[in-house]
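Here's the structure we're looking at; comments come further down.
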Number of protein chains: 2
Amino acid sequence: MKRPTMKDVARAAGVSPMTVSRVVSGDAGTSPGTAAKVEQAVRKLGYQRNDNARHLRQKNPGTSTIGLVVDDLANPFYALMARSVEDEAHRRGYVVLVGSTNDEPRREREVIAAFTARQVDGLIIVPTVGGHAFLKQPMASGTRVVCVDRPAEGLAVDTVTVDNRVGARRAVTHLLDRGHTRIAYLGDRREIWTQAERHGGYLDALTARGISMDPDLVRHGLRSPAQVAAALLSLRAVTDPPTAVFTSNDLITLGVLDGLERPTPMAIVGFDDLPLADRLNPPLTVVSQDPLALGWTAASLLFSRIEGIPSAPRDVVLLTHLIVRSSGEFHGPGRDPA
Amino acid sequence: MKRPTMKDVARAAGVSPMTVSRVVSGDAGTSPGTAAKVEQAVRKLGYQRNDNARHLRQKNPGTSTIGLVVDDLANPFYALMARSVEDEAHRRGYVVLVGSTNDEPRREREVIAAFTARQVDGLIIVPTVGGHAFLKQPMASGTRVVCVDRPAEGLAVDTVTVDNRVGARRAVTHLLDRGHTRIAYLGDRREIWTQAERHGGYLDALTARGISMDPDLVRHGLRSPAQVAAALLSLRAVTDPPTAVFTSNDLITLGVLDGLERPTPMAIVGFDDLPLADRLNPPLTVVSQDPLALGWTAASLLFSRIEGIPSAPRDVVLLTHLIVRSSGEFHGPGRDPA
DNA sequence: TTGAAAGCGCTAACAA
DNA sequence: TTGTTAGCGCTTTCAA
C-alpha cells in the first residue's frame with residue numbers, strides 16, 4: 001500500500017541506499033553484478049523514484065516542470081496552443097501543469113501560486129487584465145516567465161503576440177473595399193489587450209478612409225453568446241443599420257453566425273479562423289493567426305531562459321493573415337438568397 | 001536569486017523555523033505579535049512555502065496534484081473535457097498535470113511515469129490501445145486511476161464512457177429510415193475501443209434491417225485528413241457507390257466535409273457534434289456526446305476515490321443524442337443544388 | 001566499487 | 001506559546 005522507498009529496495013537487494021540511488025539514476029560506478037541485483041529488487045517491489053524528494057536535494061536545480069496558464073483551455077485557440085507547448089515540453093523531458101484563469105485575476109493568482117509552490121521552473125501565461133507585479137517575486141527567485149497572446153501589465157518579460165492591430169485593420173479595410181461604410185465592431189472587454197488592439201485596427205481603417213466612427217456601431221464587453229445575440233439585435237435596430245460587422249474573436253464570430261439567418265443578411269469578417277468556415281454560406285472571411293506557432297515560440301523562449309540564456313526581454317510578433325472567402329461582399333437591402 | 005526558505009524567514013523575524021511553519025500554514029498556537037513579525041518577514045523576503053518539501057514530510061498524505069492524460073489536447077473534444085476536469089480540480093484545491101499520448105502506448109507510458117514520479121494523487125486517463133497492466137504497480141502504492149472515453153485493457157478501474165454503440169446504431173438507422181441502403185462507414189483504427197463500438201453499432205443497424213454489410217463500403221484506420229480524402233475518393237469509385245456515409249469521429253467528419261462539393265452530394269451523419277454544424281448546407285446531423293459531463297464525472301469519481309471512498313470499480317455510461325438536422329436526407333443521383 | 005554521514009525544506013512529536 | 005529533535009526520500013560529499 002505504501003510506496004516502497006530506496007531503503008526498501010536496498011534492504012531487498014542487500015546493498016546500501018546509495019547504491020540503489022546510483023543504479024536507479026543511471027550513474028556510473030556500480031559493478032554489473034550489483035546493478036543487476038538492484039534492478040531485480042526494483043522490479044520485484046515495483047519501485048519508482050520519488051522525483052519530488054530528488055529535486056529537493058539535487059544540486060542541479062529544477063523540477064523539469066513548467067506551468068501553462070491560459071484564459072480558457074476549452075477555447076480551441078488555447079487548446080491548440082497548449083498542445084504545442086506540451087509537445088515541446090515533452091520533447092525536452094518536462095511535464096506541464098495547466099490552468100485556466102477565466103480571465104479572473106484572482107483565479108490567475110491562485111493558479112500561479114499553486115504552481116510556484118510546486119517549484120515550477122517556468123511559467124507560460126496568457127495574462128489577465130490586472131497588473132502583474134506580483135510575478136516579480138517568483139521571478140527574482142528563479143522562476144522564468146513568458147507571456148503569450150498578450151503582454152502583462154507592469155512586467156518586462158519575453159512576450160509572444162501577433163500583429164492584432166494590423167490584422168484587424170486589414171479585415172475592416174477589406175470590408176471598406178467592398179463598398180461598406182456602415183461597419184460595426186463587436187468585441188470582448190476592451191481592457192483585454194488583444195481587444196484594444198483590434199479595436200484600434202478597426203479605427204485605423206476607418207480613419208484612413210476618412211470615415212468617422214459611429215459609437216452606435218461599437219459594442220465592447222461581449223463574453224457570452226447571449227450578450228452577442230443581444231448586441232446584434234440592438235445593432236440591427238439603429239437608424240441606418242450596419243451592412244457589415246467585424247467580430248473581434250472566434251467566440252463572438254460564432255455568436256453572430258448563430259444569431260443571423262441564412263444566407264447571412266450582413267457581411268461579416270472575423271478575427272480567428274474556424275473549422276468549417278469555408279463551408280458556410282457564404283464562406284467566412286477571417287483574419288487567422290497560428291496558435292501552434294504561438295505556443296511553440298513561447299515554449300522555445302521559455303526553455304532557452306531556463307537553460308540560462310540571458311539578454312533583455314524579447315518581444316516576438318507573429319503575423320496574421322487575411323483569408324478572403326466571401327462573407328465580406330456587399331449586398332444591398334432586400335437581397336435575395338442565392 | 002535563490003528562493004528564501006523558512007530558515008531565512010525565521011532569522012529575519014527572530015524566531016524559530018517551527019514558528020514560521022505554524023504561521024505560514026495557518027496553524028493555531030502563535031501569539032498575534034509573533035505572527036505579525038513573521039508575516040512581515042515573509043513579505044519582505046517574498047517567501048513562499050515549498051510544497052514539494054512539505055508533502056514529503058507531512059503525515060496527511062497527498063500532493064494535491066492529479067494527472068490528466070488524453071489522446072490529443074488539441075482535439076476540441078478533449079479540450080472541453082480537460083477544462084471540465086481542471087475546473088473541478090481547482091474547486092477542490094488541486095492542480096493538474098496534463099499530457100497527450102497521440103495514441104502511442106510508448107508516449108503514454110512516459111507521460112504516466114513522469115506524473116507518478118511526481119507523486120500525483122490520481123490519474124484520469126484516456127487509455128491508448130495497448131494493455132495497461134503497468135498501472136497496477138502505481139495503483140498498488142496508492143495512485144488512484146479513472147478511465148474516461150474508453151476502458152483500459154486488463155485493468156479494473158472506474159470508467160466513464162458513452163453509449164457509443166447505441167449512438168452509432170441510431171445514426172445509421174436514421175440513414176436507413178431516409179431510404180439509404182448503400183451506407184459507408186469511415187472510422188479511425190478499429191483497435192480503439194470507441195471505434196470498434198461505433199462500427200458495431202453500424203453493423204447492428206444494418207443487420208436489424210436485413211442488409212448485409214458490404215466490405216467495400218467500410219474503411220478503418222483513418223487518422224489524417226489526407227487518409228480521409230483518399231478513402232472518400234475510393235468510396236465514390238466503387239461500383240454502386242454509397243449514397244450516405246457514417247463518420248465515426250469529429251476529425252473524420254471534418255475531413256469528409258472538406259472533400260465534398262457543396263451542396264453535399266452524399267448524405268452524411270457524424271459522431272460528435274461540431275460548432276457551426278447547424279449552419280452548413282445542408283445542416284449536419286450528428287450523434288452528440290457531452291465532453292464536459294464526461295470530464296466532470298471522471299473527476300468526481302477520482303476525487304471520491306482519493307478521499308478514500310472504497311467499493312468495486314464503477315462503470316458509468318453517459319448517453320448520446322441524435323441531433324437531426326438534415327444532412328441525412330436521401331437524394332437520387334443527378335441531384336440539383338437547391 | 002561501495003557505504004556512512006549530512007542535509008535539501010519542511011513538519012510531527014515532544015519538551016520547555 | 002515557543003523551540004528542539006528527528007526524519008520524510010533522496011543525493012552530495014567524502015571516506016573506506
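Identifiers in this document derive from the order of the C-alpha cells: chains are assigned A, B, ..., residues are numbered from 1 separately in each chain, and ligands are numbered from 1 in order of occurrence.
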
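Distance criterion 9 Å to chain C, applied with only C-alpha atoms (C1' of nucleotides), yields Thr5, Met6, Lys7, Met18, Ser21, Arg49, Asn50, Asp51, Asn52, Ala53, Arg54, His55, Leu56, Arg57, Gln58 and Lys59 of chain B on chain B.
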
Create the file for the chosen residues now, containing C-alpha atoms and written as a PDB file, in the first residue's frame.
ATOM      1  CA  THR B   5      13.481  29.221   2.986  1.00  0.00           C
ATOM      2  CA  MET B   6      11.758  29.068   6.325  1.00  0.00           C
ATOM      3  CA  LYS B   7      15.135  29.353   7.959  1.00  0.00           C
ATOM      4  CA  MET B  18       8.881  25.929  13.529  1.00  0.00           C
ATOM      5  CA  SER B  21       5.910  26.943   9.721  1.00  0.00           C
ATOM      6  CA  ARG B  49       6.420  27.725   1.061  1.00  0.00           C
ATOM      7  CA  ASN B  50       7.939  24.855  -0.896  1.00  0.00           C
ATOM      8  CA  ASP B  51       5.038  22.459  -1.156  1.00  0.00           C
ATOM      9  CA  ASN B  52       7.144  19.644  -2.540  1.00  0.00           C
ATOM     10  CA  ALA B  53       9.205  19.613   0.627  1.00  0.00           C
ATOM     11  CA  ARG B  54       6.048  19.974   2.646  1.00  0.00           C
ATOM     12  CA  HIS B  55       4.334  16.985   1.089  1.00  0.00           C
ATOM     13  CA  LEU B  56       7.444  14.940   1.683  1.00  0.00           C
ATOM     14  CA  ARG B  57       7.170  15.281   5.415  1.00  0.00           C
ATOM     15  CA  GLN B  58       3.507  15.891   6.065  1.00  0.00           C
ATOM     16  CA  LYS B  59       1.666  12.996   7.652  1.00  0.00           C
TER      17      LYS B  59
END

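A least-squares superposition of chain B on chain A, with Cα atoms paired in sequence order, returns an RMSD value of 0.0 Å.
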
Contact table chain A vs chain B, cut-off 7 Å, shortest pair per residue, only C-alpha atoms, as a Markdown table:
| residue | atom | partner | partner_atom | distance |
| --- | --- | --- | --- | --- |
| A:Met1 | CA | B:Ser141 | CA | 4.6 |
| A:Lys2 | CA | B:Ser141 | CA | 5.2 |
| A:Arg3 | CA | B:Ser141 | CA | 4.8 |
| A:Gly46 | CA | B:Gln137 | CA | 5.8 |
| A:Gln48 | CA | B:Ala117 | CA | 6.6 |
| A:Arg49 | CA | B:Ala117 | CA | 6.1 |
| A:Asn50 | CA | B:Ala117 | CA | 5.3 |
| A:Asp51 | CA | B:Ala117 | CA | 5.3 |
| A:Asn52 | CA | B:Arg118 | CA | 5.7 |
| A:Ala53 | CA | B:Leu56 | CA | 6.8 |
| A:Leu56 | CA | B:Ala53 | CA | 6.8 |
| A:Leu73 | CA | B:Arg83 | CA | 5.5 |
| A:Ala74 | CA | B:Leu80 | CA | 4.6 |
| A:Pro76 | CA | B:Pro76 | CA | 5.9 |
| A:Ala79 | CA | B:Ala74 | CA | 5.0 |
| A:Leu80 | CA | B:Ala74 | CA | 4.6 |
| A:Arg83 | CA | B:Ala74 | CA | 5.5 |
| A:Glu86 | CA | B:Gly99 | CA | 6.8 |
| A:Val96 | CA | B:Leu97 | CA | 5.6 |
| A:Leu97 | CA | B:Leu97 | CA | 4.3 |
| A:Val98 | CA | B:Val96 | CA | 6.0 |
| A:Gly99 | CA | B:Glu86 | CA | 6.8 |
| A:Ala117 | CA | B:Asn50 | CA | 5.2 |
| A:Arg118 | CA | B:Asp51 | CA | 5.5 |
| A:Gln119 | CA | B:Asn50 | CA | 6.9 |
| A:Gln137 | CA | B:Gly46 | CA | 5.7 |
| A:Ala140 | CA | B:Met1 | CA | 5.6 |
| A:Ser141 | CA | B:Met1 | CA | 4.6 |
| A:Gly142 | CA | B:Met1 | CA | 6.0 |
| A:Arg279 | CA | B:Leu280 | CA | 6.5 |
| A:Leu280 | CA | B:Leu280 | CA | 5.4 |

Can you check which residues of chain D have any atom within 10 Å of chain B? Use only C-alpha atoms (C1' of nucleotides) and format it as a PDB file with N, CA and C atoms (P, O5', C5', C4', C3', O3' and C1' of nucleotides), in the first residue's frame.
ATOM      1  P    DT D   1      -1.506  30.683  22.742  1.00  0.00           P
ATOM      2  O5'  DT D   1       0.061  30.929  22.634  1.00  0.00           O
ATOM      3  C5'  DT D   1       0.610  32.159  22.975  1.00  0.00           C
ATOM      4  C4'  DT D   1       2.067  31.903  23.112  1.00  0.00           C
ATOM      5  C3'  DT D   1       2.791  31.755  21.760  1.00  0.00           C
ATOM      6  O3'  DT D   1       3.811  32.737  21.741  1.00  0.00           O
ATOM      7  C1'  DT D   1       3.367  29.964  23.225  1.00  0.00           C
ATOM      8  P    DT D   2       4.737  33.003  20.512  1.00  0.00           P
ATOM      9  O5'  DT D   2       5.828  31.865  20.609  1.00  0.00           O
ATOM     10  C5'  DT D   2       6.974  32.090  21.421  1.00  0.00           C
ATOM     11  C4'  DT D   2       7.787  30.839  21.516  1.00  0.00           C
ATOM     12  C3'  DT D   2       8.490  30.426  20.238  1.00  0.00           C
ATOM     13  O3'  DT D   2       9.822  30.932  20.309  1.00  0.00           O
ATOM     14  C1'  DT D   2       7.731  28.579  21.534  1.00  0.00           C
ATOM     15  P    DG D   3      10.898  30.683  19.155  1.00  0.00           P
ATOM     16  O5'  DG D   3      11.501  29.284  19.624  1.00  0.00           O
ATOM     17  C5'  DG D   3      12.024  29.160  20.947  1.00  0.00           C
ATOM     18  C4'  DG D   3      12.471  27.737  21.178  1.00  0.00           C
ATOM     19  C3'  DG D   3      13.425  27.197  20.105  1.00  0.00           C
ATOM     20  O3'  DG D   3      14.507  26.557  20.764  1.00  0.00           O
ATOM     21  C1'  DG D   3      11.624  25.703  20.422  1.00  0.00           C
ATOM     22  P    DT D   4      15.824  26.184  19.983  1.00  0.00           P
ATOM     23  O5'  DT D   4      15.884  24.608  20.196  1.00  0.00           O
ATOM     24  C5'  DT D   4      15.530  24.051  21.466  1.00  0.00           C
ATOM     25  C4'  DT D   4      15.459  22.535  21.356  1.00  0.00           C
ATOM     26  C3'  DT D   4      16.456  21.921  20.372  1.00  0.00           C
ATOM     27  O3'  DT D   4      17.100  20.832  21.025  1.00  0.00           O
ATOM     28  C1'  DT D   4      14.228  21.206  19.848  1.00  0.00           C
ATOM     29  P    DG D   7      14.890   9.652  13.814  1.00  0.00           P
ATOM     30  O5'  DG D   7      14.111   9.926  12.463  1.00  0.00           O
ATOM     31  C5'  DG D   7      12.693  10.056  12.485  1.00  0.00           C
ATOM     32  C4'  DG D   7      12.275  10.618  11.158  1.00  0.00           C
ATOM     33  C3'  DG D   7      13.036   9.982   9.970  1.00  0.00           C
ATOM     34  O3'  DG D   7      12.130   9.793   8.913  1.00  0.00           O
ATOM     35  C1'  DG D   7      13.221  12.297   9.884  1.00  0.00           C
ATOM     36  P    DC D   8      12.149   8.595   7.986  1.00  0.00           P
ATOM     37  O5'  DC D   8      11.215   9.067   6.785  1.00  0.00           O
ATOM     38  C5'  DC D   8       9.847   9.378   6.963  1.00  0.00           C
ATOM     39  C4'  DC D   8       9.443  10.337   5.877  1.00  0.00           C
ATOM     40  C3'  DC D   8      10.074  10.021   4.531  1.00  0.00           C
ATOM     41  O3'  DC D   8       9.135   9.281   3.765  1.00  0.00           O
ATOM     42  C1'  DC D   8      10.226  12.373   5.075  1.00  0.00           C
ATOM     43  P    DG D   9       9.526   7.907   3.107  1.00  0.00           P
ATOM     44  O5'  DG D   9      10.465   8.343   1.895  1.00  0.00           O
ATOM     45  C5'  DG D   9       9.917   9.035   0.784  1.00  0.00           C
ATOM     46  C4'  DG D   9      11.047   9.505  -0.087  1.00  0.00           C
ATOM     47  C3'  DG D   9      12.010   8.391  -0.540  1.00  0.00           C
ATOM     48  O3'  DG D   9      12.159   8.477  -1.946  1.00  0.00           O
ATOM     49  C1'  DG D   9      13.207  10.175   0.405  1.00  0.00           C
TER      50       DG D   9
END

Exercise. Got a sec: who's within 7 Å of Arg182 in chain B, counting only C-alpha atoms (C1' of nucleotides), leaving out chain neighbours fewer than 5 positions off, as a list in words?
Worked result: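 Everything that qualifies: Pro242, Thr243 and Ala244 of chain B.
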
For this session: Mind giving me the straight-line distance from CA of Ala230 in chain B to CA of Arg106 in chain B in Å, one decimal?
Result: 28.4 Å

Exercise. Tell me, which residues of range 214-316 of chain A carry DSSP alpha helix (DSSP H), written as number ranges by chain?
Worked result: A: 225-237, 250-259, 291-306

Exercise. If you run DSSP on this backbone, which residues of range 181-319 of chain A come out as strand (DSSP E or B), and could you give them as an MDAnalysis selection string?
Worked result: chainID A and resid 183:186 218:219 244:247 267:271 285:288 315:318
